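Reproduced below: entry02.cif, with mmCIF, C-alpha atoms and all ligand atoms.
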data_target
loop_
_atom_site.group_PDB
_atom_site.id
_atom_site.type_symbol
_atom_site.label_atom_id
_atom_site.label_comp_id
_atom_site.auth_asym_id
_atom_site.auth_seq_id
_atom_site.Cartn_x
_atom_site.Cartn_y
_atom_site.Cartn_z
ATOM 1 C CA MET D 1 3.852 6.358 34.348
ATOM 2 C CA ARG D 2 4.810 2.701 34.082
ATOM 3 C CA ILE D 3 4.790 1.928 30.378
ATOM 4 C CA ALA D 4 5.518 -1.272 28.475
ATOM 5 C CA PHE D 5 6.715 -0.462 24.954
ATOM 6 C CA LEU D 6 6.651 -3.345 22.485
ATOM 7 C CA GLY D 7 8.382 -3.104 19.099
ATOM 8 C CA LEU D 8 11.610 -1.139 18.722
ATOM 9 C CA GLY D 9 11.741 -0.640 14.962
ATOM 10 C CA ILE D 10 12.344 2.579 13.018
ATOM 11 C CA MET D 11 9.331 4.199 14.707
ATOM 12 C CA GLY D 12 9.053 2.386 18.043
ATOM 13 C CA LYS D 13 12.579 2.897 19.316
ATOM 14 C CA PRO D 14 12.651 6.717 19.120
ATOM 15 C CA MET D 15 9.082 6.872 20.482
ATOM 16 C CA ALA D 16 10.146 4.793 23.496
ATOM 17 C CA GLN D 17 13.306 6.865 23.867
ATOM 18 C CA ASN D 18 11.270 10.075 24.038
ATOM 19 C CA LEU D 19 9.055 8.574 26.762
ATOM 20 C CA VAL D 20 12.153 7.711 28.836
ATOM 21 C CA LYS D 21 13.537 11.229 28.328
ATOM 22 C CA ALA D 22 10.259 12.632 29.671
ATOM 23 C CA GLY D 23 10.778 10.680 32.898
ATOM 24 C CA HIS D 24 8.485 7.682 32.371
ATOM 25 C CA GLU D 25 9.411 4.245 33.654
ATOM 26 C CA LEU D 26 9.737 1.982 30.618
ATOM 27 C CA LYS D 27 9.965 -1.748 30.114
ATOM 28 C CA VAL D 28 10.698 -2.464 26.472
ATOM 29 C CA TRP D 29 10.527 -5.616 24.390
ATOM 30 C CA ASN D 30 11.486 -6.416 20.819
ATOM 31 C CA ARG D 31 11.062 -9.729 18.966
ATOM 32 C CA SER D 32 14.697 -9.876 17.839
ATOM 33 C CA PRO D 33 16.986 -9.454 20.793
ATOM 34 C CA GLY D 34 19.657 -6.747 20.827
ATOM 35 C CA LYS D 35 17.426 -3.687 20.322
ATOM 36 C CA VAL D 36 17.489 -1.643 23.517
ATOM 37 C CA VAL D 37 16.451 1.795 24.716
ATOM 38 C CA GLU D 38 18.818 3.720 26.930
ATOM 39 C CA GLY D 39 17.349 4.206 30.406
ATOM 40 C CA ALA D 40 14.649 1.519 29.932
ATOM 41 C CA HIS D 41 14.488 -2.010 31.322
ATOM 42 C CA SER D 42 14.370 -4.789 28.729
ATOM 43 C CA ALA D 43 11.841 -7.597 29.145
ATOM 44 C CA SER D 44 12.167 -11.035 27.594
ATOM 45 C CA THR D 45 8.497 -11.415 26.564
ATOM 46 C CA PRO D 46 5.495 -9.121 25.935
ATOM 47 C CA LYS D 47 3.822 -10.831 28.923
ATOM 48 C CA GLU D 48 6.704 -9.854 31.205
ATOM 49 C CA ALA D 49 6.816 -6.296 29.870
ATOM 50 C CA ALA D 50 3.068 -5.790 30.328
ATOM 51 C CA LYS D 51 2.928 -7.143 33.890
ATOM 52 C CA ASP D 52 2.447 -4.138 36.250
ATOM 53 C CA ALA D 53 2.332 -1.638 33.358
ATOM 54 C CA GLU D 54 -0.291 1.113 33.448
ATOM 55 C CA ILE D 55 0.015 1.577 29.702
ATOM 56 C CA VAL D 56 1.040 -1.011 27.094
ATOM 57 C CA TRP D 57 2.139 0.629 23.826
ATOM 58 C CA LEU D 58 2.652 -1.403 20.651
ATOM 59 C CA CYS D 59 4.395 -0.369 17.467
ATOM 60 C CA VAL D 60 4.997 -3.396 15.261
ATOM 61 C CA SER D 61 4.813 -4.073 11.533
ATOM 62 C CA ASP D 62 1.457 -5.582 10.689
ATOM 63 C CA THR D 63 -1.732 -7.341 11.792
ATOM 64 C CA LYS D 64 -0.012 -10.687 12.328
ATOM 65 C CA ALA D 65 2.654 -9.053 14.491
ATOM 66 C CA VAL D 66 0.039 -7.304 16.670
ATOM 67 C CA GLU D 67 -1.836 -10.587 17.040
ATOM 68 C CA GLU D 68 1.317 -12.416 18.129
ATOM 69 C CA VAL D 69 2.392 -9.726 20.583
ATOM 70 C CA LEU D 70 -1.075 -9.368 22.115
ATOM 71 C CA LEU D 71 -2.555 -12.839 21.948
ATOM 72 C CA GLY D 72 0.308 -15.223 21.169
ATOM 73 C CA SER D 73 2.106 -17.409 23.659
ATOM 74 C CA ASN D 74 3.700 -15.148 26.322
ATOM 75 C CA GLY D 75 1.600 -12.342 24.836
ATOM 76 C CA VAL D 76 0.324 -9.210 26.577
ATOM 77 C CA ILE D 77 -3.103 -10.727 27.254
ATOM 78 C CA GLU D 78 -1.570 -13.282 29.641
ATOM 79 C CA SER D 79 -0.545 -10.639 32.184
ATOM 80 C CA LEU D 80 -2.953 -7.817 31.335
ATOM 81 C CA LYS D 81 -4.665 -6.341 34.396
ATOM 82 C CA PRO D 82 -8.025 -4.545 34.538
ATOM 83 C CA GLY D 83 -7.559 -0.785 34.270
ATOM 84 C CA THR D 84 -4.572 -1.012 31.926
ATOM 85 C CA THR D 85 -4.726 0.839 28.601
ATOM 86 C CA VAL D 86 -3.334 -0.848 25.490
ATOM 87 C CA VAL D 87 -2.374 1.586 22.732
ATOM 88 C CA ASP D 88 -1.524 0.297 19.280
ATOM 89 C CA SER D 89 0.462 2.578 16.966
ATOM 90 C CA SER D 90 0.908 -0.109 14.297
ATOM 91 C CA THR D 91 -0.879 0.457 10.999
ATOM 92 C CA ILE D 92 -3.171 -2.542 10.560
ATOM 93 C CA LEU D 93 -6.655 -3.295 9.211
ATOM 94 C CA PRO D 94 -9.379 -1.445 11.205
ATOM 95 C CA ASP D 95 -11.476 -4.634 11.327
ATOM 96 C CA ALA D 96 -8.666 -6.633 12.901
ATOM 97 C CA SER D 97 -8.014 -3.845 15.395
ATOM 98 C CA LEU D 98 -11.659 -3.943 16.500
ATOM 99 C CA LYS D 99 -11.310 -7.652 17.240
ATOM 100 C CA PHE D 100 -8.161 -7.007 19.287
ATOM 101 C CA ALA D 101 -10.022 -4.251 21.159
ATOM 102 C CA GLU D 102 -12.787 -6.720 22.059
ATOM 103 C CA GLN D 103 -10.331 -9.247 23.483
ATOM 104 C CA VAL D 104 -8.519 -6.581 25.502
ATOM 105 C CA ARG D 105 -11.815 -5.192 26.843
ATOM 106 C CA ALA D 106 -12.844 -8.694 27.911
ATOM 107 C CA LYS D 107 -9.909 -8.485 30.361
ATOM 108 C CA GLY D 108 -11.204 -5.219 31.854
ATOM 109 C CA ALA D 109 -8.554 -3.155 30.077
ATOM 110 C CA ASP D 110 -9.078 -0.446 27.449
ATOM 111 C CA PHE D 111 -7.826 -0.348 23.870
ATOM 112 C CA VAL D 112 -6.834 2.528 21.609
ATOM 113 C CA ASP D 113 -5.762 2.565 17.966
ATOM 114 C CA ALA D 114 -3.265 5.394 17.580
ATOM 115 C CA PRO D 115 -1.389 5.048 14.282
ATOM 116 C CA VAL D 116 1.031 7.841 13.518
ATOM 117 C CA THR D 117 2.123 10.016 10.666
ATOM 118 C CA GLY D 118 5.477 11.764 10.496
ATOM 119 C CA SER D 119 7.935 9.002 9.554
ATOM 120 C CA LYS D 120 11.315 8.408 11.168
ATOM 121 C CA VAL D 121 12.164 12.126 11.387
ATOM 122 C CA GLY D 122 8.900 12.863 13.223
ATOM 123 C CA ALA D 123 9.453 9.944 15.620
ATOM 124 C CA GLU D 124 12.997 11.052 16.433
ATOM 125 C CA SER D 125 12.108 14.701 16.959
ATOM 126 C CA GLY D 126 8.903 14.009 18.930
ATOM 127 C CA GLN D 127 6.853 15.619 16.156
ATOM 128 C CA LEU D 128 4.521 12.776 15.223
ATOM 129 C CA ILE D 129 0.802 13.228 14.690
ATOM 130 C CA PHE D 130 -1.336 10.586 16.397
ATOM 131 C CA ILE D 131 -4.544 9.614 14.593
ATOM 132 C CA VAL D 132 -6.684 8.156 17.319
ATOM 133 C CA GLY D 133 -9.653 5.830 17.687
ATOM 134 C CA ALA D 134 -10.609 5.749 21.372
ATOM 135 C CA ARG D 135 -13.111 6.584 24.055
ATOM 136 C CA GLU D 136 -13.032 10.290 24.810
ATOM 137 C CA GLU D 137 -11.894 9.860 28.436
ATOM 138 C CA THR D 138 -9.133 7.438 27.472
ATOM 139 C CA PHE D 139 -7.945 9.866 24.792
ATOM 140 C CA GLU D 140 -7.780 12.643 27.384
ATOM 141 C CA LYS D 141 -5.846 10.431 29.791
ATOM 142 C CA LEU D 142 -3.248 9.732 27.072
ATOM 143 C CA GLN D 143 -2.700 13.386 26.108
ATOM 144 C CA PRO D 144 0.499 13.810 28.172
ATOM 145 C CA LEU D 145 2.037 10.779 26.444
ATOM 146 C CA PHE D 146 0.961 11.887 22.957
ATOM 147 C CA SER D 147 2.533 15.258 23.618
ATOM 148 C CA VAL D 148 5.866 13.683 24.584
ATOM 149 C CA MET D 149 6.071 11.754 21.291
ATOM 150 C CA GLY D 150 4.162 14.042 18.998
ATOM 151 C CA LYS D 151 3.157 17.547 18.070
ATOM 152 C CA SER D 152 -0.528 16.692 18.049
ATOM 153 C CA ALA D 153 -3.120 13.984 18.534
ATOM 154 C CA VAL D 154 -6.495 14.002 16.849
ATOM 155 C CA ARG D 155 -9.305 11.778 18.077
ATOM 156 C CA VAL D 156 -11.205 10.776 14.961
ATOM 157 C CA GLY D 157 -13.823 8.641 16.698
ATOM 158 C CA ALA D 158 -14.280 5.304 18.463
ATOM 159 C CA ASN D 159 -12.028 2.240 18.115
ATOM 160 C CA GLY D 160 -10.939 1.555 14.541
ATOM 161 C CA LYS D 161 -11.592 5.089 13.286
ATOM 162 C CA GLY D 162 -7.983 6.191 13.832
ATOM 163 C CA LEU D 163 -6.830 3.422 11.531
ATOM 164 C CA ALA D 164 -9.562 4.110 8.990
ATOM 165 C CA ALA D 165 -8.440 7.758 8.805
ATOM 166 C CA LYS D 166 -4.762 6.829 8.715
ATOM 167 C CA LEU D 167 -5.274 4.484 5.746
ATOM 168 C CA SER D 168 -7.093 7.239 3.843
ATOM 169 C CA MET D 169 -4.249 9.661 4.564
ATOM 170 C CA ASN D 170 -1.579 7.182 3.504
ATOM 171 C CA LEU D 171 -3.547 6.655 0.300
ATOM 172 C CA MET D 172 -3.041 10.364 -0.412
ATOM 173 C CA ILE D 173 0.670 10.129 0.400
ATOM 174 C CA ALA D 174 1.164 7.151 -1.919
ATOM 175 C CA LEU D 175 -0.726 8.785 -4.803
ATOM 176 C CA THR D 176 0.835 12.227 -4.294
ATOM 177 C CA TYR D 177 4.354 10.829 -4.282
ATOM 178 C CA GLU D 178 3.739 8.739 -7.410
ATOM 179 C CA GLY D 179 2.324 11.850 -9.096
ATOM 180 C CA PHE D 180 5.530 13.700 -8.185
ATOM 181 C CA ALA D 181 7.741 10.800 -9.330
ATOM 182 C CA GLU D 182 5.912 10.428 -12.656
ATOM 183 C CA ALA D 183 6.153 14.190 -13.233
ATOM 184 C CA LEU D 184 9.911 14.093 -12.604
ATOM 185 C CA VAL D 185 10.387 11.229 -15.055
ATOM 186 C CA LEU D 186 8.266 12.832 -17.790
ATOM 187 C CA ALA D 187 10.030 16.191 -17.353
ATOM 188 C CA LYS D 188 13.487 14.627 -17.332
ATOM 189 C CA LYS D 189 12.729 12.573 -20.452
ATOM 190 C CA GLN D 190 11.802 15.835 -22.181
ATOM 191 C CA GLY D 191 15.102 17.404 -21.113
ATOM 192 C CA VAL D 192 13.816 19.578 -18.259
ATOM 193 C CA ASP D 193 16.273 20.232 -15.417
ATOM 194 C CA LEU D 194 14.961 19.218 -12.013
ATOM 195 C CA LYS D 195 16.150 22.305 -10.113
ATOM 196 C CA PRO D 196 13.963 24.849 -11.961
ATOM 197 C CA LEU D 197 11.147 22.294 -12.032
ATOM 198 C CA LEU D 198 11.266 21.979 -8.225
ATOM 199 C CA SER D 199 11.366 25.736 -7.868
ATOM 200 C CA LEU D 200 8.223 25.942 -10.021
ATOM 201 C CA ILE D 201 6.492 23.203 -8.052
ATOM 202 C CA ASN D 202 7.235 25.023 -4.798
ATOM 203 C CA GLN D 203 5.730 28.278 -6.073
ATOM 204 C CA SER D 204 2.580 26.760 -7.531
ATOM 205 C CA MET D 205 -0.534 24.999 -6.294
ATOM 206 C CA VAL D 206 1.042 21.549 -6.829
ATOM 207 C CA ARG D 207 3.308 22.185 -3.853
ATOM 208 C CA SER D 208 2.637 19.630 -1.130
ATOM 209 C CA GLY D 209 3.959 18.416 2.186
ATOM 210 C CA VAL D 210 4.877 15.128 0.524
ATOM 211 C CA VAL D 211 7.032 16.931 -2.059
ATOM 212 C CA ASP D 212 8.544 19.233 0.596
ATOM 213 C CA TYR D 213 9.568 16.179 2.607
ATOM 214 C CA LYS D 214 10.730 13.916 -0.207
ATOM 215 C CA ALA D 215 12.343 16.299 -2.715
ATOM 216 C CA PRO D 216 15.635 16.803 -0.788
ATOM 217 C CA PHE D 217 16.082 13.027 -0.477
ATOM 218 C CA VAL D 218 15.260 12.517 -4.164
ATOM 219 C CA MET D 219 17.676 15.264 -5.251
ATOM 220 C CA ALA D 220 20.423 13.655 -3.117
ATOM 221 C CA ARG D 221 19.494 10.205 -4.523
ATOM 222 C CA ASP D 222 19.165 9.084 -0.886
ATOM 223 C CA PHE D 223 16.636 6.269 -0.911
ATOM 224 C CA SER D 224 17.497 4.872 2.535
ATOM 225 C CA ALA D 225 14.322 4.048 4.463
ATOM 226 C CA ASN D 226 12.470 6.779 6.318
ATOM 227 C CA PHE D 227 9.303 4.858 5.609
ATOM 228 C CA PRO D 228 10.250 1.540 4.000
ATOM 229 C CA MET D 229 8.581 0.627 0.722
ATOM 230 C CA ARG D 230 7.600 -2.786 2.157
ATOM 231 C CA LEU D 231 5.514 -1.003 4.832
ATOM 232 C CA MET D 232 3.864 1.449 2.428
ATOM 233 C CA HIS D 233 3.132 -1.533 0.171
ATOM 234 C CA LYS D 234 1.595 -3.319 3.168
ATOM 235 C CA ASP D 235 -0.533 -0.202 3.784
ATOM 236 C CA ILE D 236 -1.612 -0.150 0.122
ATOM 237 C CA HIS D 237 -2.857 -3.719 0.550
ATOM 238 C CA LEU D 238 -4.708 -2.655 3.727
ATOM 239 C CA MET D 239 -6.324 0.248 1.824
ATOM 240 C CA LEU D 240 -7.381 -2.062 -1.010
ATOM 241 C CA GLU D 241 -8.788 -4.577 1.481
ATOM 242 C CA ALA D 242 -10.657 -1.849 3.407
ATOM 243 C CA ALA D 243 -11.989 -0.593 0.050
ATOM 244 C CA ARG D 244 -13.128 -4.105 -0.891
ATOM 245 C CA GLN D 245 -14.860 -4.572 2.475
ATOM 246 C CA ASN D 246 -16.648 -1.226 2.079
ATOM 247 C CA GLY D 247 -17.575 -1.470 -1.611
ATOM 248 C CA VAL D 248 -15.229 1.330 -2.719
ATOM 249 C CA LYS D 249 -13.235 1.343 -5.999
ATOM 250 C CA LEU D 250 -9.707 2.788 -5.898
ATOM 251 C CA PRO D 251 -8.476 2.673 -9.507
ATOM 252 C CA GLY D 252 -5.567 5.089 -8.956
ATOM 253 C CA LEU D 253 -4.275 3.099 -6.011
ATOM 254 C CA GLU D 254 -4.627 -0.202 -7.901
ATOM 255 C CA THR D 255 -2.236 1.204 -10.518
ATOM 256 C CA VAL D 256 0.209 2.456 -7.888
ATOM 257 C CA ASP D 257 0.120 -1.031 -6.321
ATOM 258 C CA LYS D 258 1.489 -2.396 -9.617
ATOM 259 C CA VAL D 259 4.402 0.088 -9.522
ATOM 260 C CA TYR D 260 5.203 -1.096 -5.970
ATOM 261 C CA GLU D 261 5.057 -4.725 -7.160
ATOM 262 C CA SER D 262 7.590 -4.000 -9.921
ATOM 263 C CA SER D 263 9.820 -2.039 -7.565
ATOM 264 C CA THR D 264 9.715 -4.856 -5.003
ATOM 265 C CA ARG D 265 10.704 -7.353 -7.721
ATOM 266 C CA GLU D 266 13.657 -5.074 -8.514
ATOM 267 C CA GLY D 267 14.852 -5.503 -4.900
ATOM 268 C CA ASN D 268 13.790 -2.102 -3.497
ATOM 269 C CA ALA D 269 11.444 -3.288 -0.692
ATOM 270 C CA ASP D 270 13.758 -2.244 2.153
ATOM 271 C CA LEU D 271 14.484 1.166 0.619
ATOM 272 C CA ASP D 272 12.201 4.150 1.130
ATOM 273 C CA TYR D 273 8.970 4.138 -0.893
ATOM 274 C CA ALA D 274 10.530 7.114 -2.731
ATOM 275 C CA ALA D 275 12.621 4.478 -4.533
ATOM 276 C CA THR D 276 9.584 3.669 -6.709
ATOM 277 C CA LEU D 277 10.995 6.609 -8.697
ATOM 278 C CA MET D 278 13.894 4.375 -9.779
ATOM 279 C CA THR D 279 11.423 1.861 -11.218
ATOM 280 C CA LEU D 280 9.703 4.573 -13.272
ATOM 281 C CA GLU D 281 13.095 5.905 -14.399
ATOM 282 C CA LYS D 282 14.231 2.445 -15.412
ATOM 283 C CA ALA D 283 11.112 1.875 -17.503
ATOM 284 C CA ALA D 284 11.579 5.281 -19.190
ATOM 285 C CA GLY D 285 15.337 4.899 -19.645
ATOM 286 C CA VAL D 286 16.222 8.086 -17.685
ATOM 287 C CA ARG D 287 17.783 9.000 -14.373
HETATM 288 P P1 LIG C 1 10.066 -1.580 11.308
HETATM 289 O O1 LIG C 1 11.258 -0.696 11.467
HETATM 290 O O2 LIG C 1 10.035 -2.580 10.201
HETATM 291 O O3 LIG C 1 9.886 -2.361 12.701
HETATM 292 C C1 LIG C 1 8.895 -3.323 12.817
HETATM 293 C C2 LIG C 1 8.827 -3.798 14.253
HETATM 294 O O4 LIG C 1 7.829 -4.839 14.333
HETATM 295 C C3 LIG C 1 10.138 -4.424 14.741
HETATM 296 O O5 LIG C 1 10.275 -4.160 16.115
HETATM 297 C C4 LIG C 1 9.865 -5.903 14.488
HETATM 298 O O6 LIG C 1 10.656 -6.758 15.269
HETATM 299 C C5 LIG C 1 8.421 -6.004 14.887
HETATM 300 N N1 LIG C 1 7.776 -7.222 14.373
HETATM 301 C C6 LIG C 1 7.590 -7.577 13.086
HETATM 302 N N2 LIG C 1 6.943 -8.765 13.009
HETATM 303 C C7 LIG C 1 6.739 -9.151 14.287
HETATM 304 C C8 LIG C 1 6.099 -10.273 14.864
HETATM 305 N N3 LIG C 1 5.550 -11.240 14.112
HETATM 306 N N4 LIG C 1 6.038 -10.354 16.213
HETATM 307 C C9 LIG C 1 6.572 -9.360 16.980
HETATM 308 N N5 LIG C 1 7.198 -8.264 16.490
HETATM 309 C C10 LIG C 1 7.265 -8.171 15.155
HETATM 310 O O7 LIG C 1 8.729 -0.748 11.202
HETATM 311 P P2 LIG C 1 8.434 0.754 11.678
HETATM 312 O O8 LIG C 1 8.941 0.945 13.063
HETATM 313 O O9 LIG C 1 8.848 1.695 10.612
HETATM 314 O O10 LIG C 1 6.829 0.753 11.648
HETATM 315 C C11 LIG C 1 6.061 0.191 12.707
HETATM 316 C C12 LIG C 1 4.586 0.430 12.416
HETATM 317 O O11 LIG C 1 4.302 1.843 12.344
HETATM 318 C C13 LIG C 1 4.112 -0.144 11.097
HETATM 319 O O12 LIG C 1 2.808 -0.653 11.240
HETATM 320 C C14 LIG C 1 4.145 1.043 10.157
HETATM 321 O O13 LIG C 1 3.276 0.846 9.059
HETATM 322 C C15 LIG C 1 3.803 2.196 11.047
HETATM 323 P P3 LIG C 1 12.097 -7.286 14.729
HETATM 324 O O14 LIG C 1 13.081 -6.228 15.142
HETATM 325 O O15 LIG C 1 11.982 -7.430 13.227
HETATM 326 O O16 LIG C 1 12.265 -8.580 15.412
#

Any chance you could put this one into structure tokens?
Amino acid sequence: MRIAFLGLGIMGKPMAQNLVKAGHELKVWNRSPGKVVEGAHSASTPKEAAKDAEIVWLCVSDTKAVEEVLLGSNGVIESLKPGTTVVDSSTILPDASLKFAEQVRAKGADFVDAPVTGSKVGAESGQLIFIVGAREETFEKLQPLFSVMGKSAVRVGANGKGLAAKLSMNLMIALTYEGFAEALVLAKKQGVDLKPLLSLINQSMVRSGVVDYKAPFVMARDFSANFPMRLMHKDIHLMLEAARQNGVKLPGLETVDKVYESSTREGNADLDYAATLMTLEKAAGVR
């Protein structure tokens, strides 16, 4: 298929690379020049990339970025043809995504929110999970592309529902990891060695995918970004905003937000969100 892929960050670049490897014809674009994908053509604007594309796939940081890429000057909307499908894998506010969907539909094209879970490792290995808000027939049409970049795709409902589900899942990731990090700090402060503690965690009901994924990095003190803290913090703000809009209280998440604020002030925003552990350690005087 002819695909325009816009946004070649930690997630976007390996996703685009996997599409090229599967034989698709890609035109890629990134805001800062210099990011390329082997085997793909590079376009100088989103408008140029989207011209003649059957599918336009976005994976950029936040709501403002999606707005600029879609609707800004030289944006996708300027060359979008009826029949094209725009897929957005950025994690943004469901409400904003619905408005983007409306503008895309007004051009006779279709819109899909398809945020992902799986982090950098999942993107590189083609093992992402797509959490999709789309029309049923559009979802079916995209299956071959989801299966190139991911191990599964779940249609949650209509437009916006993929993002709503993704925010709820990321809420669990943020809280689960902070639970793990706080447990490590409390145990360490009481003189417990982390190796037997991890062995216990893995044998008991507190075992979790989040711990499985993060523990090796934590043990190696490798806080380089798989999922940067600044992006998880952005997601926390999206969750709190979605909660406000829907009359939901999230007291646990409000507290975790404060930990992220402290960690950001300490200069950790570009590290992995696992680095919030260092902020808890610092406050407790342990490592
Ligand atoms: P990264 O690695 O921070 O990459 C973000 C991408 O978004 C990168 O290509 C940026 O371009 C692009 N970006 C950021 N702001 C803009 C604006 N205003 N206009 C156009 N492009 C922009 O993030 P990830 O790849 O880890 O994550 C992407 C999404 O998936 C995000 O929503 C996560 O929460 C999930 P740059 O190279 O900085 O010029």

Hits from the PyMOL selection byres (((chain D and resi 169-183) around 9) and not hetatm), listed as an MDAnalysis selection string: chainID D and resid 117 164:168 184:188 208 210:211 214 232 235:236 239 252:253 256 259 273:274 276:278 280:281

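Pairwise distance (atom CA of D:Lys249, atom CA of D:Asn226) equals 29.0 Å.
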
Taking all atoms of stretch 119-126 of chain D that the file lists, what box with edges along x, y and z, padded by 4 Å per side, do you get, with centre and edge lengths in Å to one decimal, as JSON?
{"center_x": 10.5, "center_y": 11.6, "center_z": 14.2, "size_x": 13.1, "size_y": 14.3, "size_z": 17.4}

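By chain and then residue number, the residues within 6 Å of stretch 30-41 of chain D are Leu6, Gly7 and Leu8 of chain D, counting only C-alpha atoms and disregarding those fewer than 6 positions away in sequence.
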
Could you list, as a PDB file with C-alpha atoms, keeping the file's coordinate frame, all the residues within 7 Å of ligand LIG 1 (chain C), counting all atoms listed in the file?
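Result file is selection00.pdb:
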ATOM      1  CA  GLY D   7       8.382  -3.104  19.099  1.00  0.00           C
ATOM      2  CA  LEU D   8      11.610  -1.139  18.722  1.00  0.00           C
ATOM      3  CA  GLY D   9      11.741  -0.640  14.962  1.00  0.00           C
ATOM      4  CA  ILE D  10      12.344   2.579  13.018  1.00  0.00           C
ATOM      5  CA  MET D  11       9.331   4.199  14.707  1.00  0.00           C
ATOM      6  CA  GLY D  12       9.053   2.386  18.043  1.00  0.00           C
ATOM      7  CA  ASN D  30      11.486  -6.416  20.819  1.00  0.00           C
ATOM      8  CA  ARG D  31      11.062  -9.729  18.966  1.00  0.00           C
ATOM      9  CA  SER D  32      14.697  -9.876  17.839  1.00  0.00           C
ATOM     10  CA  CYS D  59       4.395  -0.369  17.467  1.00  0.00           C
ATOM     11  CA  VAL D  60       4.997  -3.396  15.261  1.00  0.00           C
ATOM     12  CA  SER D  61       4.813  -4.073  11.533  1.00  0.00           C
ATOM     13  CA  ASP D  62       1.457  -5.582  10.689  1.00  0.00           C
ATOM     14  CA  LYS D  64      -0.012 -10.687  12.328  1.00  0.00           C
ATOM     15  CA  ALA D  65       2.654  -9.053  14.491  1.00  0.00           C
ATOM     16  CA  VAL D  66       0.039  -7.304  16.670  1.00  0.00           C
ATOM     17  CA  GLU D  68       1.317 -12.416  18.129  1.00  0.00           C
ATOM     18  CA  VAL D  69       2.392  -9.726  20.583  1.00  0.00           C
ATOM     19  CA  SER D  89       0.462   2.578  16.966  1.00  0.00           C
ATOM     20  CA  SER D  90       0.908  -0.109  14.297  1.00  0.00           C
ATOM     21  CA  THR D  91      -0.879   0.457  10.999  1.00  0.00           C
ATOM     22  CA  ILE D  92      -3.171  -2.542  10.560  1.00  0.00           C
ATOM     23  CA  PRO D 115      -1.389   5.048  14.282  1.00  0.00           C
ATOM     24  CA  VAL D 116       1.031   7.841  13.518  1.00  0.00           C
ATOM     25  CA  PHE D 227       9.303   4.858   5.609  1.00  0.00           C
ATOM     26  CA  PRO D 228      10.250   1.540   4.000  1.00  0.00           C
ATOM     27  CA  LEU D 231       5.514  -1.003   4.832  1.00  0.00           C
ATOM     28  CA  MET D 232       3.864   1.449   2.428  1.00  0.00           C
ATOM     29  CA  ASP D 235      -0.533  -0.202   3.784  1.00  0.00           C
TER      30      ASP D 235
END

Matched chain/residue IDs from the PyMOL selection byres (((chain D and resi 14) around 10) and not hetatm), as a PyMOL selection string: chain D and resi 8-13+15-20+37+120-126+149

The PyMOL selection byres (((chain D and resi 47-56) around 10) and not hetatm) applied to the shown file, residues as a PyMOL selection string: chain D and resi 1-6+25-29+41-46+57-58+69-88+109-111+142+145

I need the chosen residues saved as a CSV table (one decimal), keeping the file's coordinate frame, with C-alpha atoms.
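Final file, result-v7.csv:
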chain,number,residue,atom,x,y,z
D,1,MET,CA,3.9,6.4,34.3
D,2,ARG,CA,4.8,2.7,34.1
D,3,ILE,CA,4.8,1.9,30.4
D,4,ALA,CA,5.5,-1.3,28.5
D,5,PHE,CA,6.7,-0.5,25.0
D,6,LEU,CA,6.7,-3.3,22.5
D,25,GLU,CA,9.4,4.2,33.7
D,26,LEU,CA,9.7,2.0,30.6
D,27,LYS,CA,10.0,-1.7,30.1
D,28,VAL,CA,10.7,-2.5,26.5
D,29,TRP,CA,10.5,-5.6,24.4
D,41,HIS,CA,14.5,-2.0,31.3
D,42,SER,CA,14.4,-4.8,28.7
D,43,ALA,CA,11.8,-7.6,29.1
D,44,SER,CA,12.2,-11.0,27.6
D,45,THR,CA,8.5,-11.4,26.6
D,46,PRO,CA,5.5,-9.1,25.9
D,57,TRP,CA,2.1,0.6,23.8
D,58,LEU,CA,2.7,-1.4,20.7
D,69,VAL,CA,2.4,-9.7,20.6
D,70,LEU,CA,-1.1,-9.4,22.1
D,71,LEU,CA,-2.6,-12.8,21.9
D,72,GLY,CA,0.3,-15.2,21.2
D,73,SER,CA,2.1,-17.4,23.7
D,74,ASN,CA,3.7,-15.1,26.3
D,75,GLY,CA,1.6,-12.3,24.8
D,76,VAL,CA,0.3,-9.2,26.6
D,77,ILE,CA,-3.1,-10.7,27.3
D,78,GLU,CA,-1.6,-13.3,29.6
D,79,SER,CA,-0.5,-10.6,32.2
D,80,LEU,CA,-3.0,-7.8,31.3
D,81,LYS,CA,-4.7,-6.3,34.4
D,82,PRO,CA,-8.0,-4.5,34.5
D,83,GLY,CA,-7.6,-0.8,34.3
D,84,THR,CA,-4.6,-1.0,31.9
D,85,THR,CA,-4.7,0.8,28.6
D,86,VAL,CA,-3.3,-0.8,25.5
D,87,VAL,CA,-2.4,1.6,22.7
D,88,ASP,CA,-1.5,0.3,19.3
D,109,ALA,CA,-8.6,-3.2,30.1
D,110,ASP,CA,-9.1,-0.4,27.4
D,111,PHE,CA,-7.8,-0.3,23.9
D,142,LEU,CA,-3.2,9.7,27.1
D,145,LEU,CA,2.0,10.8,26.4
